[in-house]
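Source file: model_12.cif. Holds: mmCIF, C-alpha atoms.
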```cif
data_start
#
loop_
_atom_site.group_PDB
_atom_site.id
_atom_site.type_symbol
_atom_site.label_atom_id
_atom_site.label_comp_id
_atom_site.auth_asym_id
_atom_site.auth_seq_id
_atom_site.Cartn_x
_atom_site.Cartn_y
_atom_site.Cartn_z
ATOM 1 C CA MET A 21 17.779 14.340 40.865
ATOM 2 C CA SER A 22 17.283 16.504 37.840
ATOM 3 C CA ILE A 23 15.783 15.603 34.517
ATOM 4 C CA THR A 24 18.442 15.535 31.845
ATOM 5 C CA LEU A 25 17.847 15.970 28.125
ATOM 6 C CA ASP A 26 18.684 12.302 27.632
ATOM 7 C CA MET A 27 15.931 11.191 29.978
ATOM 8 C CA LEU A 28 13.465 13.470 28.227
ATOM 9 C CA ARG A 29 14.345 11.919 24.890
ATOM 10 C CA GLN A 30 13.940 8.419 26.267
ATOM 11 C CA GLY A 31 10.578 9.384 27.745
ATOM 12 C CA ILE A 32 9.313 10.701 24.410
ATOM 13 C CA ALA A 33 10.590 7.547 22.688
ATOM 14 C CA ALA A 34 8.755 5.407 25.249
ATOM 15 C CA LEU A 35 5.539 7.349 24.627
ATOM 16 C CA PHE A 36 5.752 6.676 20.897
ATOM 17 C CA LEU A 37 6.491 2.991 21.490
ATOM 18 C CA LEU A 38 3.482 2.771 23.794
ATOM 19 C CA GLY A 39 1.323 4.451 21.152
ATOM 20 C CA GLY A 40 2.476 1.843 18.667
ATOM 21 C CA LEU A 41 1.690 -0.876 21.185
ATOM 22 C CA VAL A 42 -1.926 0.337 21.432
ATOM 23 C CA PHE A 43 -2.372 -0.273 17.721
ATOM 24 C CA PHE A 44 -0.597 -3.650 17.843
ATOM 25 C CA VAL A 45 -2.881 -4.778 20.667
ATOM 26 C CA GLY A 46 -5.912 -3.427 18.789
ATOM 27 C CA SER A 47 -4.770 -5.435 15.792
ATOM 28 C CA ALA A 48 -4.518 -8.619 17.861
ATOM 29 C CA ILE A 49 -7.965 -8.031 19.405
ATOM 30 C CA GLY A 50 -9.433 -7.465 15.960
ATOM 31 C CA MET A 51 -7.790 -10.636 14.699
ATOM 32 C CA LEU A 52 -9.539 -12.629 17.442
ATOM 33 C CA ARG A 53 -12.928 -10.913 17.340
ATOM 34 C CA LEU A 54 -13.615 -10.399 13.659
ATOM 35 C CA PRO A 55 -15.772 -13.031 11.988
ATOM 36 C CA ASP A 56 -14.155 -14.081 8.720
ATOM 37 C CA PHE A 57 -11.028 -14.120 6.632
ATOM 38 C CA TYR A 58 -11.504 -10.825 4.779
ATOM 39 C CA THR A 59 -12.260 -8.831 7.915
ATOM 40 C CA ARG A 60 -9.207 -10.278 9.660
ATOM 41 C CA VAL A 61 -7.010 -8.997 6.853
ATOM 42 C CA HIS A 62 -8.205 -5.516 7.873
ATOM 43 C CA ALA A 63 -7.125 -6.112 11.463
ATOM 44 C CA SER A 64 -3.577 -6.773 10.327
ATOM 45 C CA GLY A 65 -3.637 -3.456 8.492
ATOM 46 C CA ASN A 66 -3.847 -1.655 11.829
ATOM 47 C CA SER A 67 -0.490 -2.951 13.007
ATOM 48 C CA GLU A 68 1.277 -2.604 9.700
ATOM 49 C CA THR A 69 0.585 1.111 9.338
ATOM 50 C CA LEU A 70 0.202 3.201 12.477
ATOM 51 C CA GLY A 71 1.558 0.555 14.866
ATOM 52 C CA CYS A 72 4.690 0.161 12.800
ATOM 53 C CA MET A 73 5.011 3.877 12.148
ATOM 54 C CA LEU A 74 4.772 4.937 15.803
ATOM 55 C CA SER A 75 7.160 2.180 16.918
ATOM 56 C CA PHE A 76 9.725 3.178 14.336
ATOM 57 C CA ILE A 77 9.400 6.871 15.235
ATOM 58 C CA GLY A 78 9.971 5.895 18.863
ATOM 59 C CA LEU A 79 13.051 3.861 17.986
ATOM 60 C CA ILE A 80 14.430 6.656 15.809
ATOM 61 C CA ILE A 81 13.983 9.202 18.600
ATOM 62 C CA TYR A 82 15.691 6.804 21.011
ATOM 63 C CA GLU A 83 18.572 6.224 18.612
ATOM 64 C CA GLY A 84 19.068 9.856 17.570
ATOM 65 C CA LEU A 85 20.178 11.094 14.169
ATOM 66 C CA THR A 86 22.582 8.316 13.232
ATOM 67 C CA LEU A 87 23.086 6.003 10.287
ATOM 68 C CA THR A 88 21.197 3.314 12.200
ATOM 69 C CA SER A 89 18.036 5.426 12.279
ATOM 70 C CA LEU A 90 18.371 6.021 8.545
ATOM 71 C CA LYS A 91 18.419 2.255 8.078
ATOM 72 C CA MET A 92 15.310 2.021 10.258
ATOM 73 C CA VAL A 93 13.627 4.451 7.863
ATOM 74 C CA PHE A 94 14.525 2.120 4.990
ATOM 75 C CA VAL A 95 13.079 -0.890 6.815
ATOM 76 C CA PHE A 96 9.943 1.096 7.554
ATOM 77 C CA LEU A 97 9.563 2.124 3.899
ATOM 78 C CA ILE A 98 9.968 -1.483 2.768
ATOM 79 C CA VAL A 99 7.294 -2.609 5.257
ATOM 80 C CA PHE A 100 5.063 0.175 3.978
ATOM 81 C CA LEU A 101 5.517 -0.794 0.336
ATOM 82 C CA ALA A 102 5.500 -4.571 0.677
ATOM 83 C CA ASN A 103 2.794 -5.193 3.268
ATOM 84 C CA PRO A 104 -0.239 -4.054 1.218
ATOM 85 C CA ILE A 105 0.931 -6.313 -1.621
ATOM 86 C CA GLY A 106 0.792 -9.286 0.761
ATOM 87 C CA SER A 107 -2.672 -8.315 1.997
ATOM 88 C CA HIS A 108 -3.885 -7.861 -1.565
ATOM 89 C CA ILE A 109 -2.566 -11.238 -2.727
ATOM 90 C CA LEU A 110 -4.169 -13.016 0.253
ATOM 91 C CA GLY A 111 -7.508 -11.271 -0.348
ATOM 92 C CA LYS A 112 -7.400 -11.883 -4.072
ATOM 93 C CA ALA A 113 -6.586 -15.577 -3.638
ATOM 94 C CA ALA A 114 -9.521 -16.002 -1.251
ATOM 95 C CA TYR A 115 -11.869 -14.064 -3.549
ATOM 96 C CA LYS A 116 -10.840 -15.984 -6.652
ATOM 97 C CA SER A 117 -11.273 -19.331 -4.915
ATOM 98 C CA GLY A 118 -14.841 -18.383 -3.991
ATOM 99 C CA HIS A 119 -14.480 -17.807 -0.268
ATOM 100 C CA PRO A 120 -17.811 -16.358 0.931
ATOM 101 C CA VAL A 121 -17.902 -12.762 2.157
ATOM 102 C CA TRP A 122 -19.347 -12.393 5.638
ATOM 103 C CA THR A 123 -21.864 -9.559 5.940
ATOM 104 C CA LEU A 124 -24.408 -8.463 8.515
ATOM 105 C CA ALA A 125 -27.105 -10.174 6.417
ATOM 106 C CA SER A 126 -25.338 -13.518 6.616
ATOM 107 C CA LYS A 127 -24.610 -13.296 10.335
ATOM 108 C CA ASP A 128 -27.218 -15.845 11.425
ATOM 109 C CA ALA A 129 -26.951 -18.074 8.391
ATOM 110 C CA PRO A 130 -25.716 -21.613 9.045
ATOM 111 C CA LYS A 131 -21.993 -22.175 8.785
ATOM 112 C CA VAL A 132 -20.703 -23.643 5.563
ATOM 113 C CA LEU A 133 -19.404 -27.163 5.946
ATOM 114 C CA SER A 134 -16.080 -27.744 4.330
ATOM 115 C CA GLY A 135 -17.351 -30.383 1.894
ATOM 116 C CA GLN A 136 -20.322 -28.345 0.733
ATOM 117 C CA PRO A 137 -20.184 -26.844 -2.748
ATOM 118 C CA GLN A 138 -19.828 -23.067 -2.670
ATOM 119 C CA GLY A 139 -22.849 -22.363 -4.838
ATOM 120 C CA SER A 140 -25.348 -23.803 -2.373
ATOM 121 C CA SER A 141 -24.131 -22.056 0.760
ATOM 122 C CA ALA A 142 -26.483 -19.744 2.608
ATOM 123 C CA ASN A 143 -23.422 -17.893 3.820
ATOM 124 C CA GLU A 144 -22.778 -16.187 0.516
ATOM 125 C CA PRO A 145 -24.815 -12.994 0.497
ATOM 126 C CA MET A 146 -22.982 -11.248 -2.330
ATOM 127 C CA GLY A 147 -24.787 -13.437 -4.818
ATOM 128 C CA SER A 148 -21.865 -15.155 -6.401
ATOM 129 C CA LEU A 149 -18.476 -14.272 -7.671
ATOM 130 C CA PRO A 150 -19.097 -12.016 -10.640
ATOM 131 C CA ALA A 151 -18.139 -14.029 -13.694
ATOM 132 C CA LYS A 152 -15.410 -11.998 -15.274
ATOM 133 C CA GLU A 153 -13.432 -12.496 -18.385
ATOM 134 C CA GLY A 154 -9.685 -12.827 -18.026
ATOM 135 C CA ASN A 155 -7.556 -11.662 -15.153
ATOM 136 C CA MET B 7 19.624 -1.435 -26.931
ATOM 137 C CA PHE B 8 17.971 1.107 -29.205
ATOM 138 C CA LYS B 9 14.802 -0.897 -29.456
ATOM 139 C CA GLU B 10 14.525 -1.167 -25.700
ATOM 140 C CA GLU B 11 14.265 2.564 -25.284
ATOM 141 C CA GLN B 12 11.639 3.324 -27.899
ATOM 142 C CA ASN B 13 8.270 4.845 -26.976
ATOM 143 C CA VAL B 14 9.384 5.656 -23.455
ATOM 144 C CA VAL B 15 7.511 8.573 -21.895
ATOM 145 C CA GLY B 16 10.102 11.047 -20.647
ATOM 146 C CA SER B 17 13.861 10.960 -21.145
ATOM 147 C CA PRO B 18 15.557 7.577 -20.546
ATOM 148 C CA LEU B 19 18.869 9.299 -19.820
ATOM 149 C CA LEU B 20 17.284 11.401 -17.063
ATOM 150 C CA HIS B 21 15.552 8.328 -15.608
ATOM 151 C CA LYS B 22 18.813 6.395 -15.567
ATOM 152 C CA SER B 23 20.780 9.241 -13.984
ATOM 153 C CA CYS B 24 18.191 9.693 -11.227
ATOM 154 C CA LEU B 25 18.062 5.938 -10.587
ATOM 155 C CA PHE B 26 21.857 5.820 -10.470
ATOM 156 C CA LEU B 27 22.070 8.684 -7.958
ATOM 157 C CA LEU B 28 19.321 7.119 -5.821
ATOM 158 C CA LEU B 29 21.066 3.730 -5.772
ATOM 159 C CA PHE B 30 24.434 5.296 -5.042
ATOM 160 C CA ALA B 31 22.992 7.312 -2.144
ATOM 161 C CA PHE B 32 21.405 4.111 -0.826
ATOM 162 C CA TRP B 33 24.754 2.314 -1.090
ATOM 163 C CA MET B 34 26.569 5.084 0.763
ATOM 164 C CA ALA B 35 23.916 5.130 3.496
ATOM 165 C CA LEU B 36 24.212 1.394 4.011
ATOM 166 C CA ALA B 37 28.016 1.340 3.789
ATOM 167 C CA GLY B 38 28.534 4.343 6.037
ATOM 168 C CA ARG B 39 32.195 4.600 5.053
ATOM 169 C CA THR B 40 33.894 6.964 2.639
ATOM 170 C CA GLU B 41 37.132 5.183 1.724
ATOM 171 C CA THR B 42 37.903 5.150 -2.000
ATOM 172 C CA LYS B 43 37.332 1.406 -2.203
ATOM 173 C CA PHE B 44 33.736 1.688 -1.017
ATOM 174 C CA ILE B 45 32.955 4.611 -3.306
ATOM 175 C CA VAL B 46 34.346 2.800 -6.360
ATOM 176 C CA TYR B 47 32.439 -0.370 -5.482
ATOM 177 C CA GLY B 48 29.288 1.700 -5.014
ATOM 178 C CA LEU B 49 29.652 3.453 -8.352
ATOM 179 C CA LEU B 50 30.238 0.165 -10.185
ATOM 180 C CA THR B 51 27.381 -1.642 -8.431
ATOM 181 C CA SER B 52 24.951 1.212 -9.071
ATOM 182 C CA ALA B 53 25.911 1.382 -12.751
ATOM 183 C CA VAL B 54 25.455 -2.360 -13.278
ATOM 184 C CA THR B 55 22.155 -2.341 -11.375
ATOM 185 C CA VAL B 56 20.818 0.535 -13.483
ATOM 186 C CA TRP B 57 21.919 -1.229 -16.679
ATOM 187 C CA ILE B 58 20.131 -4.464 -15.698
ATOM 188 C CA THR B 59 16.984 -3.080 -14.084
ATOM 189 C CA TYR B 60 16.089 -0.086 -16.263
ATOM 190 C CA PRO B 61 14.453 -2.173 -19.054
ATOM 191 C CA LEU B 62 12.481 -4.017 -16.349
ATOM 192 C CA MET B 63 11.165 -0.747 -14.945
ATOM 193 C CA LEU B 64 9.275 0.231 -18.092
ATOM 194 C CA VAL B 65 5.617 -0.769 -18.099
ATOM 195 C CA PRO B 66 3.539 -0.622 -21.295
ATOM 196 C CA ASN B 67 0.108 1.038 -21.410
ATOM 197 C CA LYS B 68 -2.984 -0.884 -22.417
ATOM 198 C CA ALA B 69 -2.796 0.027 -26.088
ATOM 199 C CA GLY B 70 0.875 -0.960 -26.102
ATOM 200 C CA ASP B 71 2.119 2.132 -27.961
ATOM 201 C CA LYS B 72 3.785 3.835 -24.991
ATOM 202 C CA ARG B 73 5.920 2.701 -22.103
ATOM 203 C CA TYR B 74 6.012 4.373 -18.734
ATOM 204 C CA TYR B 75 8.934 4.493 -16.334
ATOM 205 C CA VAL B 76 7.873 3.043 -12.979
ATOM 206 C CA LEU B 77 9.459 5.799 -10.878
ATOM 207 C CA GLY B 78 8.547 8.600 -13.277
ATOM 208 C CA ILE B 79 6.653 10.646 -10.697
ATOM 209 C CA SER B 80 7.285 14.259 -9.768
ATOM 210 C CA VAL B 81 9.013 14.321 -6.369
ATOM 211 C CA PHE B 82 7.016 17.329 -5.206
ATOM 212 C CA LYS B 83 3.711 15.643 -6.064
ATOM 213 C CA LEU B 84 4.853 12.376 -4.469
ATOM 214 C CA LEU B 85 5.697 14.176 -1.208
ATOM 215 C CA ASN B 86 2.370 15.985 -1.263
ATOM 216 C CA TYR B 87 0.550 12.704 -1.898
ATOM 217 C CA SER B 88 2.513 10.889 0.864
ATOM 218 C CA VAL B 89 1.604 13.493 3.459
ATOM 219 C CA TRP B 90 -2.051 13.372 2.421
ATOM 220 C CA LEU B 91 -2.002 9.536 2.495
ATOM 221 C CA LEU B 92 -0.384 9.486 5.950
ATOM 222 C CA TRP B 93 -3.133 11.724 7.306
ATOM 223 C CA GLN B 94 -5.780 9.450 5.755
ATOM 224 C CA LEU B 95 -4.005 6.440 7.293
ATOM 225 C CA ILE B 96 -4.124 7.947 10.763
ATOM 226 C CA LEU B 97 -7.857 8.720 10.474
ATOM 227 C CA ALA B 98 -8.669 5.278 9.052
ATOM 228 C CA ASN B 99 -6.537 3.539 11.671
ATOM 229 C CA ILE B 100 -8.403 5.182 14.535
ATOM 230 C CA ASP B 101 -11.723 4.394 12.834
ATOM 231 C CA VAL B 102 -10.870 0.687 12.507
ATOM 232 C CA LEU B 103 -9.404 0.503 16.019
ATOM 233 C CA LEU B 104 -12.581 1.925 17.546
ATOM 234 C CA ALA B 105 -14.820 -0.237 15.364
ATOM 235 C CA THR B 106 -13.084 -3.504 16.245
ATOM 236 C CA THR B 107 -12.407 -2.975 19.948
ATOM 237 C CA GLY B 108 -15.715 -1.401 21.000
ATOM 238 C CA GLN B 109 -18.287 -3.172 23.176
ATOM 239 C CA VAL B 110 -20.354 -3.892 20.076
ATOM 240 C CA MET B 111 -18.347 -4.235 16.885
ATOM 241 C CA ALA B 112 -19.452 -1.427 14.563
ATOM 242 C CA ILE B 113 -18.626 -3.290 11.376
ATOM 243 C CA ASP B 114 -20.545 -3.712 8.136
ATOM 244 C CA PRO B 115 -18.273 -5.712 5.817
ATOM 245 C CA LYS B 116 -19.147 -5.610 2.139
ATOM 246 C CA VAL B 117 -17.599 -5.499 -1.299
ATOM 247 C CA VAL B 118 -17.812 -2.161 -3.104
ATOM 248 C CA ARG B 119 -16.936 -1.645 -6.750
ATOM 249 C CA PHE B 120 -15.846 1.294 -8.837
ATOM 250 C CA TYR B 121 -14.262 1.981 -12.198
ATOM 251 C CA PHE B 122 -10.978 3.833 -12.439
ATOM 252 C CA LYS B 123 -9.169 4.123 -15.728
ATOM 253 C CA ALA B 124 -5.793 5.676 -16.403
ATOM 254 C CA GLU B 125 -3.379 5.637 -19.298
ATOM 255 C CA ASN B 126 -0.407 5.059 -16.988
ATOM 256 C CA PRO B 127 -0.620 1.557 -15.452
ATOM 257 C CA MET B 128 1.280 2.821 -12.402
ATOM 258 C CA ALA B 129 -1.745 4.945 -11.477
ATOM 259 C CA SER B 130 -3.871 1.820 -10.999
ATOM 260 C CA ILE B 131 -1.084 0.166 -9.020
ATOM 261 C CA VAL B 132 -0.596 3.158 -6.735
ATOM 262 C CA LEU B 133 -4.345 3.468 -6.201
ATOM 263 C CA ALA B 134 -4.787 -0.241 -5.397
ATOM 264 C CA ASP B 135 -1.784 -0.175 -3.083
ATOM 265 C CA SER B 136 -2.941 2.972 -1.281
ATOM 266 C CA ILE B 137 -6.413 1.528 -0.774
ATOM 267 C CA THR B 138 -4.966 -1.680 0.670
ATOM 268 C CA LEU B 139 -2.559 0.281 2.872
ATOM 269 C CA THR B 140 -5.476 2.205 4.379
ATOM 270 C CA PRO B 141 -6.909 0.134 7.235
ATOM 271 C CA GLY B 142 -10.510 -0.882 6.677
ATOM 272 C CA THR B 143 -10.216 -1.314 2.923
ATOM 273 C CA VAL B 144 -8.470 -4.072 0.972
ATOM 274 C CA THR B 145 -8.340 -4.257 -2.810
ATOM 275 C CA ILE B 146 -9.324 -7.823 -3.605
ATOM 276 C CA ASN B 147 -9.498 -7.592 -7.383
ATOM 277 C CA VAL B 148 -8.621 -5.279 -10.266
ATOM 278 C CA THR B 149 -9.759 -6.258 -13.749
ATOM 279 C CA ASP B 150 -8.333 -5.244 -17.106
ATOM 280 C CA ASP B 151 -11.351 -2.979 -17.660
ATOM 281 C CA GLY B 152 -10.398 -0.919 -14.616
ATOM 282 C CA LEU B 153 -13.020 -2.362 -12.265
ATOM 283 C CA PHE B 154 -11.755 -2.226 -8.681
ATOM 284 C CA GLU B 155 -13.352 -4.539 -6.131
ATOM 285 C CA ILE B 156 -12.735 -3.371 -2.595
ATOM 286 C CA HIS B 157 -13.605 -5.175 0.620
ATOM 287 C CA ALA B 158 -14.607 -2.513 3.129
ATOM 288 C CA LEU B 159 -14.879 -3.219 6.859
ATOM 289 C CA THR B 160 -16.793 -0.215 8.205
ATOM 290 C CA PRO B 161 -19.457 2.018 6.602
ATOM 291 C CA GLY B 162 -17.013 4.936 6.866
ATOM 292 C CA ALA B 163 -14.332 3.010 4.986
ATOM 293 C CA ALA B 164 -16.790 2.084 2.212
ATOM 294 C CA SER B 165 -17.986 5.664 1.708
ATOM 295 C CA GLY B 166 -14.386 6.900 1.873
ATOM 296 C CA VAL B 167 -13.428 4.679 -1.056
ATOM 297 C CA LEU B 168 -16.481 5.626 -3.119
ATOM 298 C CA ASP B 169 -16.307 9.401 -2.634
ATOM 299 C CA GLY B 170 -13.462 9.598 -5.146
ATOM 300 C CA SER B 171 -11.032 11.771 -3.189
ATOM 301 C CA MET B 172 -8.209 9.231 -3.369
ATOM 302 C CA GLN B 173 -8.905 8.582 -7.060
ATOM 303 C CA LYS B 174 -8.745 12.334 -7.723
ATOM 304 C CA LYS B 175 -5.461 12.593 -5.851
ATOM 305 C CA VAL B 176 -3.898 9.662 -7.743
ATOM 306 C CA ALA B 177 -5.039 11.086 -11.101
ATOM 307 C CA TRP B 178 -3.434 14.392 -10.104
ATOM 308 C CA LEU B 179 -0.253 12.563 -9.063
ATOM 309 C CA PHE B 180 0.106 11.088 -12.543
ATOM 310 C CA ASP B 181 -1.177 14.141 -14.490
ATOM 311 C CA GLU B 182 -4.113 12.166 -15.823
ATOM 312 C CA PRO B 183 -7.741 13.154 -16.342
ATOM 313 C CA LEU B 184 -9.964 11.615 -13.675
ATOM 314 C CA GLN B 185 -11.954 8.691 -15.067
ATOM 315 C CA PHE B 186 -13.883 7.462 -12.104
ATOM 316 C CA ALA B 187 -17.367 5.983 -11.726
ATOM 317 C CA VAL B 188 -19.033 4.065 -8.924
ATOM 318 C CA ALA B 189 -20.265 0.682 -10.154
ATOM 319 C CA GLU B 190 -23.849 -0.015 -9.185
ATOM 320 C CA GLU B 191 -24.443 -2.334 -6.260
ATOM 321 C CA GLU B 192 -24.928 -5.965 -7.101
ATOM 322 C CA VAL B 193 -28.282 -7.347 -6.000
ATOM 323 C CA PRO B 194 -27.807 -9.863 -3.167
ATOM 324 C CA ALA B 195 -29.038 -13.342 -4.038
#
```
Just dump the structure as structure tokens.
Amino acid sequence: MSITLDMLRQGIAALFLLGGLVFFVGSAIGMLRLPDFYTRVHASGNSETLGCMLSFIGLIIYEGLTLTSLKMVFVFLIVFLANPIGSHILGKAAYKSGHPVWTLASKDAPKVLSGQPQGSSANEPMGSLPAKEGN
Amino acid sequence: MFKEEQNVVGSPLLHKSCLFLLLFAFWMALAGRTETKFIVYGLLTSAVTVWITYPLMLVPNKAGDKRYYVLGISVFKLLNYSVWLLWQLILANIDVLLATTGQVMAIDPKVVRFYFKAENPMASIVLADSITLTPGTVTINVTDDGLFEIHALTPGAASGVLDGSMQKKVAWLFDEPLQFAVAEEEVPA
């Protein structure tokens, strides 16, 4: 049995897909391990950039230079442009509503109970939300 | 119609032609057929889309005396910036992957702040979007005064945002002078 060019291409595509998988799995692990909302947003960033990019490169190599791969490039570009906007809106909403930022200094502080007012929580090491005009 | 195109930076006709060609190329790529019917439909659709969306793609500056076209970026500079951003993404991705999957999580989450001002509002948008796209940093707030508040996951991500390399690159992308300053750390309560 000899190795044909087709098999070589499929092998390279599989390597790229596996590389993407590493970042997707890393993203999932981060999502489970990280302590608070803001840090978990970072974990999703892992899958949306390199994970997505490597997977799409793998699929494009598998597909070859066709119109379908061009459409994959479009999908990839839309993911690239739209995903950070989603992350930003989530982070901004949490920040505006006074969600405390977890830091190393607040690691051993008692957990905030849901009914407790935000101002009195020991879990808010950044002082408070900077009072800003407008926006 | 005349009023809509006043104070626009650059030539509206050039913007519209480029947008039309881009949309038509997109149509042809999606259609994948070259019969006359599809080409005529594509030309008509692109023309109507340009007519409707061009006024929406002009963003005013802070003073309100100029309006910038959203896609008015040099293609060469955009390509250069994209390649540079991709390389930064790869580095940051590996950094975050190692930090979150190691035996002991090497994270130090905090909020860092800096000032970045630009005449073109798209510069702030591109900077905020690029920072969020980079793993390990998320823009959580941008004020009207140009104060950016960034949540950084690792110490490397925080110093990467504050060293000003991305700000310099974005200012270069939009032909603007670099107006960048690190805001002093807020004292923890």
Report task. Excluding A:Phe100 and residues on its chain fewer than 5 positions from it, collect all residues at most 9 Å away from it, counting only C-alpha atoms, and give them as a ChimeraX atom specification. Result -> /A:68-69,72-73,95 /B:139
Export, as a PDB file, keeping the file's coordinate frame, the selected residues with C-alpha atoms.
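Full text of selection-v6.pdb as output:
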```pdb
ATOM      1  CA  GLU A  68       1.277  -2.604   9.700  1.00  0.00           C
ATOM      2  CA  THR A  69       0.585   1.111   9.338  1.00  0.00           C
ATOM      3  CA  CYS A  72       4.690   0.161  12.800  1.00  0.00           C
ATOM      4  CA  MET A  73       5.011   3.877  12.148  1.00  0.00           C
ATOM      5  CA  VAL A  95      13.079  -0.890   6.815  1.00  0.00           C
TER       6      VAL A  95
ATOM      7  CA  LEU B 139      -2.559   0.281   2.872  1.00  0.00           C
TER       8      LEU B 139
END
```
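With only C-alpha atoms as the basis for measurement, A:Gly65 is the residue among A:Gly65, A:Ile77, A:Leu87, A:Met92 that approaches A:Ile105 most closely.
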Could the residues of stretch 110-169 of chain B that have an atom at most 7 Å from stretch 107-111 of chain A be listed as a Markdown table, each with its closest atom pair and the distance in Å to one decimal, counting only C-alpha atoms and ordered by chain and ascending residue number?
```
| residue | atom | partner | partner_atom | distance |
| --- | --- | --- | --- | --- |
| B:Thr138 | CA | A:His108 | CA | 6.7 |
| B:Val144 | CA | A:His108 | CA | 6.5 |
| B:Thr145 | CA | A:His108 | CA | 5.9 |
| B:Ile146 | CA | A:Gly111 | CA | 5.1 |
```
Taking C-alpha atoms for each residue, export the selection above as a short mmCIF file (atom, residue, chain, number, x, y, z; two decimals), in the frame of the given file.
```cif
data_model
loop_
_atom_site.label_atom_id
_atom_site.label_comp_id
_atom_site.auth_asym_id
_atom_site.auth_seq_id
_atom_site.Cartn_x
_atom_site.Cartn_y
_atom_site.Cartn_z
CA THR B 138 -4.97 -1.68 0.67
CA VAL B 144 -8.47 -4.07 0.97
CA THR B 145 -8.34 -4.26 -2.81
CA ILE B 146 -9.32 -7.82 -3.60
#
```
Query raised in the report: Got a sec to resolve the PyMOL selection byres ((chain B) within 9 of (chain A)) on this structure and send the residues as a ChimeraX atom specification?
Result: /B:35-36,38,95-96,98-100,102-104,106-107,111,113-117,134-150,157-159,192-195
Report summary line: Pairwise distance, atom CA of B:Glu155 with atom CA of B:Leu91, equals 20.0 Å
Query - Point (13.6, 6.7, 19.2) neighbourhood (7 Å, all atoms listed in the file) written as a VMD selection string - result: chain A and resid 33 77 to 84
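In this structure, atom CA of A:Leu35 sits 11.9 Å away from atom CA of A:Phe76.
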Requested in this report: Would you translate the PyMOL selection byres ((chain B and resi 67-71) around 12) into the concrete set of residues it matches in this file, as JSON, numbers by chain?
Outcome: {"B": [12, 13, 14, 15, 64, 65, 66, 72, 73, 74, 75, 76, 123, 124, 125, 126, 127, 128, 129, 130, 150, 151, 152]}
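Put simply, atom CA of B:Trp178 is 20.8 Å away from atom CA of B:Ser17.
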Requested in this report: Kindly indicate which residue among B:Leu97, B:Leu19, B:Leu50, B:Leu153 lies nearest to B:Phe186, using all atoms listed in the file for the distances.
Outcome: B:Leu153
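Considering all atoms listed in the file, the residue among B:Ile79, B:Ala189, B:Val176, B:Ile131 positioned nearest to B:His21 is B:Ile79.
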Each side padded by 6 Å, which centre and which edge lengths in Å (one decimal) define the axis-aligned box around the listed atoms of stretch 44-59 of chain B? Give them as JSON.
```
{"center_x": 25.7, "center_y": 0.1, "center_z": -8.8, "size_x": 29.4, "size_y": 21.1, "size_z": 27.7}
```
Expand the PyMOL selection byres ((chain B and resi 56) around 9) into the individual residues it matches in the shown file, reporting them as a PDB file with C-alpha atoms, in the frame of the given file.
```pdb
ATOM      1  CA  LYS B  22      18.813   6.395 -15.567  1.00  0.00           C
ATOM      2  CA  SER B  23      20.780   9.241 -13.984  1.00  0.00           C
ATOM      3  CA  LEU B  25      18.062   5.938 -10.587  1.00  0.00           C
ATOM      4  CA  PHE B  26      21.857   5.820 -10.470  1.00  0.00           C
ATOM      5  CA  LEU B  29      21.066   3.730  -5.772  1.00  0.00           C
ATOM      6  CA  THR B  51      27.381  -1.642  -8.431  1.00  0.00           C
ATOM      7  CA  SER B  52      24.951   1.212  -9.071  1.00  0.00           C
ATOM      8  CA  ALA B  53      25.911   1.382 -12.751  1.00  0.00           C
ATOM      9  CA  VAL B  54      25.455  -2.360 -13.278  1.00  0.00           C
ATOM     10  CA  THR B  55      22.155  -2.341 -11.375  1.00  0.00           C
ATOM     11  CA  TRP B  57      21.919  -1.229 -16.679  1.00  0.00           C
ATOM     12  CA  ILE B  58      20.131  -4.464 -15.698  1.00  0.00           C
ATOM     13  CA  THR B  59      16.984  -3.080 -14.084  1.00  0.00           C
ATOM     14  CA  TYR B  60      16.089  -0.086 -16.263  1.00  0.00           C
ATOM     15  CA  PRO B  61      14.453  -2.173 -19.054  1.00  0.00           C
TER      16      PRO B  61
END
```
